[in-house]
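Colleague: Here it is, the structure in full.
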Amino acid sequence: MLQLLNLIGSELKPANDGEWLDQIEPATGEITGRLPRSKASDVDQAYAAAAQAFPTWSTTPVEGRAACLRKLAQLISHNSAQLAEAESRDNGKPISLAQSVDIPRAEQNLAFFASAIEQFPSEAHIPAGPSHINYTHRKPIGVVGCISPWNLPLYLFTWKIAPALAAGNCVIAKPSEITPVTAWMLSQWVLEAGFPPGVLNIVHGLGPEVGQAIVSHPSIKAISFTGGTVTGAHIARTAGPMFKKMSLELGGKNPAIIFADCDFEKALQTTIRSSFANQGQICLCSSRILIEDSIYDRFRDALIEKVGRMQPNDPMIPGTKMGAVVSLAHRDKIMEHIQSAQAEGATLLCGGSIADAPNARCEGGYFVQPTVFEDAGPECRINQEEVFGPVITLQRFHTENEAVQLANSSPFGLACTIWTQHIGKAHRVAAGVESGIAWINCWLVRDLRTPFGGVKDSGVGREGGWNALQFFTEPQNVCVSIT
Ligand code: NDP
């Protein structure tokens, strides 16, 4: 049995009051370890360690900070096989996905922000015939909180801590209690990477307990959060009146817009991937597939033919494409959405049930069949609420305007994909869709320099590149007389 510990200052330790939470492998339903159930007193200790480390870390030259990030990236790379296996066990995702996406990206996040901080520019404003020069001094904020979800555990954990640390802040980070193992592995290498004690603290536990303690701590000055919209709204209500800086990356109900003039095969293959990758548990997954009327039947039939053959399998088997969903509670939530869609009159085209265990090892695991509905109107719950599982709907449109209208008919605005060979149309549709990200004839292509985030109920703020470094710094305008 694994026993996870908090990293506070230079110590790996259990929660102060000695309480533990079970850690469960979703593919088997078995308890495989335990993690600290930390509370406010653990956050207070982490804060004290971080506040003590801040004066030195915030004045460490960027090259020194970058070196620590690069070393941690290297340690991830050296341990990538163990990390991928742990991520797959902890989350239920196919091991091939953890190997090819999650762990390489965690390494890239750290390496990217090591380089980014070395290139991060400041602005100067120099009038003609100058008597004064203004320049922007970007200072680290202080001690900041980073809270990440379970769907891409180490990937999103490092995406948050890397810019925070690079910019000179000290961090209190909380991974999801559902998938804490890779953050725990990382915590064992933080000091080896050269980070002084207290610069990065990792505190495990429940969102409403330890997460809440971070968000409501009077001296933690910024919160970077990725998770569900309801949790995001709660965090905003807590941190807003305390005037904390906040970056909230929340849920999605992303449309894939398929025009008749698309590259049919590419649109089909990619839409299947964008709908069901990681069992549909990526905030960027497509869940509303909007198809132009003239190809609707052909696209639907081809999609059903392929999806109908997809079956979840043991995530630890190398060729597995679909694994387990993350927890029993989450499986039940997905099944409730499926039942509610049927009650609302949606037609089930394939899936719709809990999937059989793929082998004896996975007898107690949480598997859901990939599920496709049609005939659900845009106002139906299944087209309005995020399921965050392997469940999609198909809807028909006749005109470009109707496609945009349907795309915008959910409260979310994170991402969309647009499939057409007509670049002018693609550009018009992208401009019309209310989303922070639009992919034209592709999906999940990420350049870490680009702004990442959503509009409407999908969040506030942007991550990535300069956006993240700007978020994690406080700009001070300095005006100098030169007469
Ligand atoms: P949750 O909102 O339930 O949890 C996210 C994190 O917040 C977890 O670490 C959780 O802890 C913690 N948390 C829960 N309650 C509180 C609280 N009161 N105060 C502080 N922290 C709290 O999201 P999920 O983990 O279920 O993740 C899935 C969601 O994340 C989906 O909605 C998905 O769309 C979204 N997401 C958004 C992305 C984006 O970039 N926009 C990317 C990836 C996912 P605990 O686990 O202990 O409850």
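Lettering and numbering for the structure tokens are positional, with chains as A, B, ... in the shown order, residues counted from 1 in each chain, and ligands counted from 1 in the shown order.
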Give me the residues near A:Pro358 as a ChimeraX atom specification, where near means some atom within 12 Å (using only C-alpha atoms) and where sequence neighbours in that chain fewer than 6 positions away do not count.

Modeller: /A:27-28,311-317,320,322-324,364-369

Colleague: Which chains and residue numbers are within 8 Å of ligand 1, counting only C-alpha atoms and all ligand atoms, if I want them as a ChimeraX atom specification?

Modeller: /A:147-152,156,174-179,205-215,225-232,234-235,248-252,281-284,386,388,414,452-454,458-459

Colleague: If DSSP is run on the backbone, what residues of stretch 258-415 of chain A are strand (DSSP E or B)? A reply as a list of chain:residue names would be ideal.

Modeller: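 Selecting the strand (DSSP E or B) positions of stretch 258-415 of chain A gives A:Ile258, A:Ser286, A:Ser287, A:Arg288, A:Ile289, A:Leu290, A:Ile291, A:Glu292, A:Thr347, A:Leu348, A:Leu349, A:Cys350, A:Ile354, A:Val368, A:Thr371, A:Val372, A:Phe373, A:Glu374, A:Val391, A:Ile392, A:Thr393, A:Leu394, A:Gln395, A:Arg396, A:Phe397, A:Phe412, A:Gly413, A:Ala415.
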
Colleague: Would you output that residue set with C-alpha atoms, as an mmCIF file, in the first residue's frame?

Modeller:
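Result saved to selection.cif:
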data_model
loop_
_atom_site.group_PDB
_atom_site.id
_atom_site.type_symbol
_atom_site.label_atom_id
_atom_site.label_comp_id
_atom_site.auth_asym_id
_atom_site.auth_seq_id
_atom_site.Cartn_x
_atom_site.Cartn_y
_atom_site.Cartn_z
ATOM 1 C CA ILE A 258 -18.835 19.693 -39.215
ATOM 2 C CA SER A 286 -16.138 17.758 -27.984
ATOM 3 C CA SER A 287 -19.525 16.829 -26.573
ATOM 4 C CA ARG A 288 -21.965 18.478 -29.007
ATOM 5 C CA ILE A 289 -21.377 17.388 -32.601
ATOM 6 C CA LEU A 290 -23.116 19.780 -35.013
ATOM 7 C CA ILE A 291 -23.356 18.347 -38.535
ATOM 8 C CA GLU A 292 -24.495 20.064 -41.734
ATOM 9 C CA THR A 347 -32.588 8.826 -29.183
ATOM 10 C CA LEU A 348 -29.788 6.522 -28.049
ATOM 11 C CA LEU A 349 -27.655 5.526 -31.057
ATOM 12 C CA CYS A 350 -25.039 3.474 -29.238
ATOM 13 C CA ILE A 354 -22.119 0.551 -17.744
ATOM 14 C CA VAL A 368 -18.879 3.250 -19.229
ATOM 15 C CA THR A 371 -22.486 6.764 -25.822
ATOM 16 C CA VAL A 372 -24.039 8.753 -28.680
ATOM 17 C CA PHE A 373 -27.448 10.476 -28.738
ATOM 18 C CA GLU A 374 -29.418 12.328 -31.380
ATOM 19 C CA VAL A 391 -21.202 10.874 -23.943
ATOM 20 C CA ILE A 392 -21.914 13.031 -27.020
ATOM 21 C CA THR A 393 -24.952 14.309 -28.900
ATOM 22 C CA LEU A 394 -25.424 14.863 -32.625
ATOM 23 C CA GLN A 395 -27.393 17.869 -33.895
ATOM 24 C CA ARG A 396 -28.252 18.943 -37.438
ATOM 25 C CA PHE A 397 -27.772 22.428 -38.910
ATOM 26 C CA PHE A 412 -20.054 27.337 -21.578
ATOM 27 C CA GLY A 413 -17.422 28.824 -23.882
ATOM 28 C CA ALA A 415 -13.293 25.434 -27.053
#

Colleague: If you count only C-alpha atoms, which residues fall within 12 Å of A:Thr399, apart from same-chain ones fewer than 4 positions away, as a list in words?

Modeller: Ile257, Ile258, Phe259, Ala260, Leu290, Ile291, Glu292, Asp293, Ser294, Ala403, Val404, Gln405, Leu406, Lys425 and Val429 of chain A

Colleague: Would you output that residue set with N, CA, C and O atoms, as a PDB file, in the first residue's frame?

Modeller:
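Listing of result39.pdb after writing:
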ATOM      1  N   ILE A 257     -18.084  21.510 -35.097  1.00  0.00           N
ATOM      2  CA  ILE A 257     -18.974  21.964 -36.174  1.00  0.00           C
ATOM      3  C   ILE A 257     -18.472  21.357 -37.488  1.00  0.00           C
ATOM      4  O   ILE A 257     -17.371  21.676 -37.951  1.00  0.00           O
ATOM      5  N   ILE A 258     -19.280  20.462 -38.044  1.00  0.00           N
ATOM      6  CA  ILE A 258     -18.835  19.693 -39.215  1.00  0.00           C
ATOM      7  C   ILE A 258     -19.584  20.201 -40.446  1.00  0.00           C
ATOM      8  O   ILE A 258     -20.790  19.938 -40.592  1.00  0.00           O
ATOM      9  N   PHE A 259     -18.900  20.901 -41.331  1.00  0.00           N
ATOM     10  CA  PHE A 259     -19.537  21.372 -42.561  1.00  0.00           C
ATOM     11  C   PHE A 259     -19.417  20.307 -43.652  1.00  0.00           C
ATOM     12  O   PHE A 259     -18.490  19.474 -43.642  1.00  0.00           O
ATOM     13  N   ALA A 260     -20.343  20.398 -44.634  1.00  0.00           N
ATOM     14  CA  ALA A 260     -20.386  19.384 -45.701  1.00  0.00           C
ATOM     15  C   ALA A 260     -19.100  19.368 -46.523  1.00  0.00           C
ATOM     16  O   ALA A 260     -18.732  18.327 -47.088  1.00  0.00           O
ATOM     17  N   LEU A 290     -22.164  19.081 -34.154  1.00  0.00           N
ATOM     18  CA  LEU A 290     -23.116  19.780 -35.013  1.00  0.00           C
ATOM     19  C   LEU A 290     -22.745  19.462 -36.463  1.00  0.00           C
ATOM     20  O   LEU A 290     -21.608  19.724 -36.880  1.00  0.00           O
ATOM     21  N   ILE A 291     -23.690  18.888 -37.200  1.00  0.00           N
ATOM     22  CA  ILE A 291     -23.356  18.347 -38.535  1.00  0.00           C
ATOM     23  C   ILE A 291     -24.277  18.982 -39.569  1.00  0.00           C
ATOM     24  O   ILE A 291     -25.501  19.040 -39.367  1.00  0.00           O
ATOM     25  N   GLU A 292     -23.687  19.435 -40.684  1.00  0.00           N
ATOM     26  CA  GLU A 292     -24.495  20.064 -41.734  1.00  0.00           C
ATOM     27  C   GLU A 292     -25.458  19.027 -42.319  1.00  0.00           C
ATOM     28  O   GLU A 292     -25.095  17.863 -42.541  1.00  0.00           O
ATOM     29  N   ASP A 293     -26.678  19.475 -42.556  1.00  0.00           N
ATOM     30  CA  ASP A 293     -27.777  18.586 -42.947  1.00  0.00           C
ATOM     31  C   ASP A 293     -27.417  17.626 -44.089  1.00  0.00           C
ATOM     32  O   ASP A 293     -27.705  16.432 -44.021  1.00  0.00           O
ATOM     33  N   SER A 294     -26.745  18.155 -45.133  1.00  0.00           N
ATOM     34  CA  SER A 294     -26.529  17.322 -46.329  1.00  0.00           C
ATOM     35  C   SER A 294     -25.604  16.129 -46.071  1.00  0.00           C
ATOM     36  O   SER A 294     -25.607  15.166 -46.838  1.00  0.00           O
ATOM     37  N   ALA A 403     -25.396  27.128 -37.420  1.00  0.00           N
ATOM     38  CA  ALA A 403     -24.302  26.402 -36.749  1.00  0.00           C
ATOM     39  C   ALA A 403     -23.738  27.242 -35.603  1.00  0.00           C
ATOM     40  O   ALA A 403     -23.517  26.740 -34.487  1.00  0.00           O
ATOM     41  N   VAL A 404     -23.532  28.523 -35.875  1.00  0.00           N
ATOM     42  CA  VAL A 404     -22.967  29.406 -34.843  1.00  0.00           C
ATOM     43  C   VAL A 404     -23.953  29.551 -33.683  1.00  0.00           C
ATOM     44  O   VAL A 404     -23.567  29.493 -32.510  1.00  0.00           O
ATOM     45  N   GLN A 405     -25.235  29.694 -34.056  1.00  0.00           N
ATOM     46  CA  GLN A 405     -26.261  29.840 -33.015  1.00  0.00           C
ATOM     47  C   GLN A 405     -26.307  28.610 -32.099  1.00  0.00           C
ATOM     48  O   GLN A 405     -26.334  28.724 -30.870  1.00  0.00           O
ATOM     49  N   LEU A 406     -26.286  27.435 -32.724  1.00  0.00           N
ATOM     50  CA  LEU A 406     -26.303  26.197 -31.925  1.00  0.00           C
ATOM     51  C   LEU A 406     -25.042  26.100 -31.063  1.00  0.00           C
ATOM     52  O   LEU A 406     -25.114  25.729 -29.884  1.00  0.00           O
ATOM     53  N   LYS A 425     -14.939  30.775 -44.477  1.00  0.00           N
ATOM     54  CA  LYS A 425     -16.059  30.332 -43.636  1.00  0.00           C
ATOM     55  C   LYS A 425     -15.540  29.933 -42.240  1.00  0.00           C
ATOM     56  O   LYS A 425     -16.131  30.291 -41.220  1.00  0.00           O
ATOM     57  N   VAL A 429     -16.811  31.606 -38.797  1.00  0.00           N
ATOM     58  CA  VAL A 429     -17.451  30.799 -37.744  1.00  0.00           C
ATOM     59  C   VAL A 429     -16.649  30.914 -36.445  1.00  0.00           C
ATOM     60  O   VAL A 429     -17.212  31.109 -35.357  1.00  0.00           O
TER      61      VAL A 429
END

Colleague: I need the helix (DSSP H, G or I) residues of stretch 256-467 of chain A per DSSP on the backbone, written as a PyMOL selection string.

Modeller: chain A and resi 264-280+293-307+328-343+360-362+381-384+400-407+423-432+465-467

Colleague: Taking only C-alpha atoms into account, which of A:Ala46, A:Val171, A:Ile133, A:Val181 comes nearest A:Gln3?

Modeller: A:Val181

Colleague: Compile the contact shell of A:Pro475 as a list in words: residues with an atom at most 8 Å away, counting only C-alpha atoms, same-chain residues fewer than 6 positions apart removed.

Modeller: Thr136, His137, Arg138 and Lys139 of chain A

Colleague: Would you put the residues from that selection into a file with N, CA and C atoms, as a PDB file, in the first residue's frame?

Modeller:
ATOM      1  N   THR A 136       7.521  49.268 -16.622  1.00  0.00           N
ATOM      2  CA  THR A 136       6.690  48.372 -15.817  1.00  0.00           C
ATOM      3  C   THR A 136       7.579  47.361 -15.115  1.00  0.00           C
ATOM      4  N   HIS A 137       7.543  47.413 -13.820  1.00  0.00           N
ATOM      5  CA  HIS A 137       8.321  46.463 -13.018  1.00  0.00           C
ATOM      6  C   HIS A 137       7.369  45.348 -12.604  1.00  0.00           C
ATOM      7  N   ARG A 138       7.624  44.131 -13.061  1.00  0.00           N
ATOM      8  CA  ARG A 138       6.733  43.008 -12.733  1.00  0.00           C
ATOM      9  C   ARG A 138       7.299  42.246 -11.550  1.00  0.00           C
ATOM     10  N   LYS A 139       6.598  42.330 -10.444  1.00  0.00           N
ATOM     11  CA  LYS A 139       7.115  41.709  -9.217  1.00  0.00           C
ATOM     12  C   LYS A 139       6.356  40.418  -8.931  1.00  0.00           C
TER      13      LYS A 139
END

Colleague: Tell me which of A:Pro104, A:Pro14, A:Gly129, A:Pro451 sits closest to A:Thr483, counting only C-alpha atoms.

Modeller: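 Among the listed residues, A:Gly129 lies closest to A:Thr483.
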
Colleague: Quick one: residues within 12 Å of A:Tyr135, only C-alpha atoms, excluding same-chain residues fewer than 3 positions away - as a ChimeraX atom specification?

Modeller: /A:121-127,132,138,475-481

Colleague: Write the residues you've just listed into a file as a compact mmCIF listing (two decimals), in the first residue's frame, and include all heavy atoms for each of them.

Modeller:
# COMPACT_ATOMS: atom_id res chain seq x y z
N PRO A 121 9.45 39.81 -21.16
CA PRO A 121 9.83 41.22 -21.28
C PRO A 121 9.02 42.12 -20.34
O PRO A 121 7.94 41.76 -19.89
CB PRO A 121 9.46 41.53 -22.73
CG PRO A 121 8.30 40.64 -23.02
CD PRO A 121 8.45 39.43 -22.15
N SER A 122 9.54 43.28 -20.13
CA SER A 122 8.81 44.30 -19.40
C SER A 122 8.55 45.43 -20.39
O SER A 122 9.21 45.52 -21.42
CB SER A 122 9.71 44.70 -18.24
OG SER A 122 9.31 45.91 -17.74
N GLU A 123 7.57 46.30 -20.10
CA GLU A 123 7.26 47.38 -21.06
C GLU A 123 7.88 48.69 -20.57
O GLU A 123 8.06 48.89 -19.38
CB GLU A 123 5.76 47.58 -21.20
CG GLU A 123 4.97 46.36 -21.61
CD GLU A 123 4.30 45.66 -20.45
OE1 GLU A 123 3.50 46.31 -19.75
OE2 GLU A 123 4.60 44.48 -20.21
N ALA A 124 8.17 49.58 -21.54
CA ALA A 124 8.58 50.94 -21.20
C ALA A 124 7.79 51.89 -22.08
O ALA A 124 7.47 51.55 -23.23
CB ALA A 124 10.07 51.11 -21.43
N HIS A 125 7.45 53.04 -21.57
CA HIS A 125 6.69 54.04 -22.33
C HIS A 125 7.51 55.32 -22.32
O HIS A 125 7.71 55.95 -21.27
CB HIS A 125 5.31 54.25 -21.70
CG HIS A 125 4.52 52.98 -21.64
ND1 HIS A 125 3.77 52.52 -22.69
CD2 HIS A 125 4.41 52.05 -20.67
CE1 HIS A 125 3.21 51.37 -22.36
NE2 HIS A 125 3.59 51.06 -21.15
N ILE A 126 7.99 55.67 -23.50
CA ILE A 126 8.91 56.81 -23.60
C ILE A 126 8.28 57.85 -24.53
O ILE A 126 8.16 57.60 -25.74
CB ILE A 126 10.28 56.35 -24.16
CG1 ILE A 126 10.80 55.16 -23.33
CG2 ILE A 126 11.26 57.50 -24.18
CD1 ILE A 126 12.01 54.50 -23.91
N PRO A 127 7.84 58.97 -24.01
CA PRO A 127 7.25 59.98 -24.89
C PRO A 127 8.31 60.66 -25.75
O PRO A 127 9.51 60.59 -25.44
CB PRO A 127 6.62 60.97 -23.91
CG PRO A 127 7.29 60.74 -22.61
CD PRO A 127 7.88 59.38 -22.61
N HIS A 132 10.23 62.32 -18.93
CA HIS A 132 10.01 61.21 -18.01
C HIS A 132 9.97 59.89 -18.80
O HIS A 132 9.53 59.89 -19.95
CB HIS A 132 8.67 61.35 -17.28
CG HIS A 132 8.61 62.52 -16.38
ND1 HIS A 132 8.37 63.81 -16.83
CD2 HIS A 132 8.78 62.61 -15.03
CE1 HIS A 132 8.38 64.64 -15.80
NE2 HIS A 132 8.64 63.95 -14.70
N ARG A 138 7.62 44.13 -13.06
CA ARG A 138 6.73 43.01 -12.73
C ARG A 138 7.30 42.25 -11.55
O ARG A 138 8.33 41.59 -11.66
CB ARG A 138 6.56 42.09 -13.94
CG ARG A 138 5.77 42.75 -15.03
CD ARG A 138 5.16 41.78 -16.01
NE ARG A 138 4.11 42.47 -16.76
CZ ARG A 138 2.83 42.48 -16.40
NH1 ARG A 138 2.43 41.83 -15.34
NH2 ARG A 138 1.95 43.14 -17.11
N PRO A 475 2.15 44.05 -11.72
CA PRO A 475 2.87 45.11 -12.42
C PRO A 475 2.89 46.41 -11.61
O PRO A 475 1.87 46.81 -11.06
CB PRO A 475 2.05 45.29 -13.71
CG PRO A 475 0.69 44.79 -13.39
CD PRO A 475 0.81 43.82 -12.25
N GLN A 476 4.07 46.99 -11.52
CA GLN A 476 4.18 48.30 -10.87
C GLN A 476 4.72 49.27 -11.91
O GLN A 476 5.74 49.01 -12.54
CB GLN A 476 5.15 48.21 -9.69
CG GLN A 476 5.37 49.54 -9.00
CD GLN A 476 6.51 49.48 -7.99
OE1 GLN A 476 7.55 48.86 -8.25
NE2 GLN A 476 6.31 50.10 -6.85
N ASN A 477 4.03 50.37 -12.11
CA ASN A 477 4.56 51.37 -13.04
C ASN A 477 5.56 52.26 -12.29
O ASN A 477 5.26 52.79 -11.23
CB ASN A 477 3.44 52.24 -13.61
CG ASN A 477 3.99 53.19 -14.66
OD1 ASN A 477 4.47 52.74 -15.69
ND2 ASN A 477 3.99 54.47 -14.38
N VAL A 478 6.75 52.40 -12.87
CA VAL A 478 7.77 53.25 -12.26
C VAL A 478 8.02 54.41 -13.21
O VAL A 478 8.33 54.21 -14.39
CB VAL A 478 9.08 52.46 -12.03
CG1 VAL A 478 10.13 53.33 -11.37
CG2 VAL A 478 8.80 51.21 -11.19
N CYS A 479 7.86 55.60 -12.73
CA CYS A 479 8.01 56.80 -13.55
C CYS A 479 9.29 57.52 -13.11
O CYS A 479 9.43 57.88 -11.95
CB CYS A 479 6.78 57.70 -13.36
SG CYS A 479 6.87 59.18 -14.35
N VAL A 480 10.20 57.72 -14.06
CA VAL A 480 11.52 58.29 -13.73
C VAL A 480 11.67 59.62 -14.43
O VAL A 480 11.50 59.71 -15.66
CB VAL A 480 12.65 57.36 -14.22
CG1 VAL A 480 14.01 57.82 -13.71
CG2 VAL A 480 12.39 55.92 -13.82
N SER A 481 12.01 60.63 -13.70
CA SER A 481 12.33 61.92 -14.32
C SER A 481 13.72 61.85 -14.90
O SER A 481 14.66 61.38 -14.24
CB SER A 481 12.25 63.03 -13.26
OG SER A 481 12.83 64.20 -13.80

Colleague: Neighbouring residues of A:Ser410 were defined as those with any atom within 9 Å, considering only C-alpha atoms; residues of the same chain fewer than 5 positions away were excluded. Please report them as a ChimeraX atom specification.

Modeller: /A:253-254,378-379,383-385

Colleague: I need the residue nearest A:Leu191 from this list: A:Leu444, A:Ala407, A:Ile272, A:Ile8. Use only C-alpha atoms for the distance.

Modeller: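 Among the listed residues, A:Ile8 lies closest to A:Leu191.
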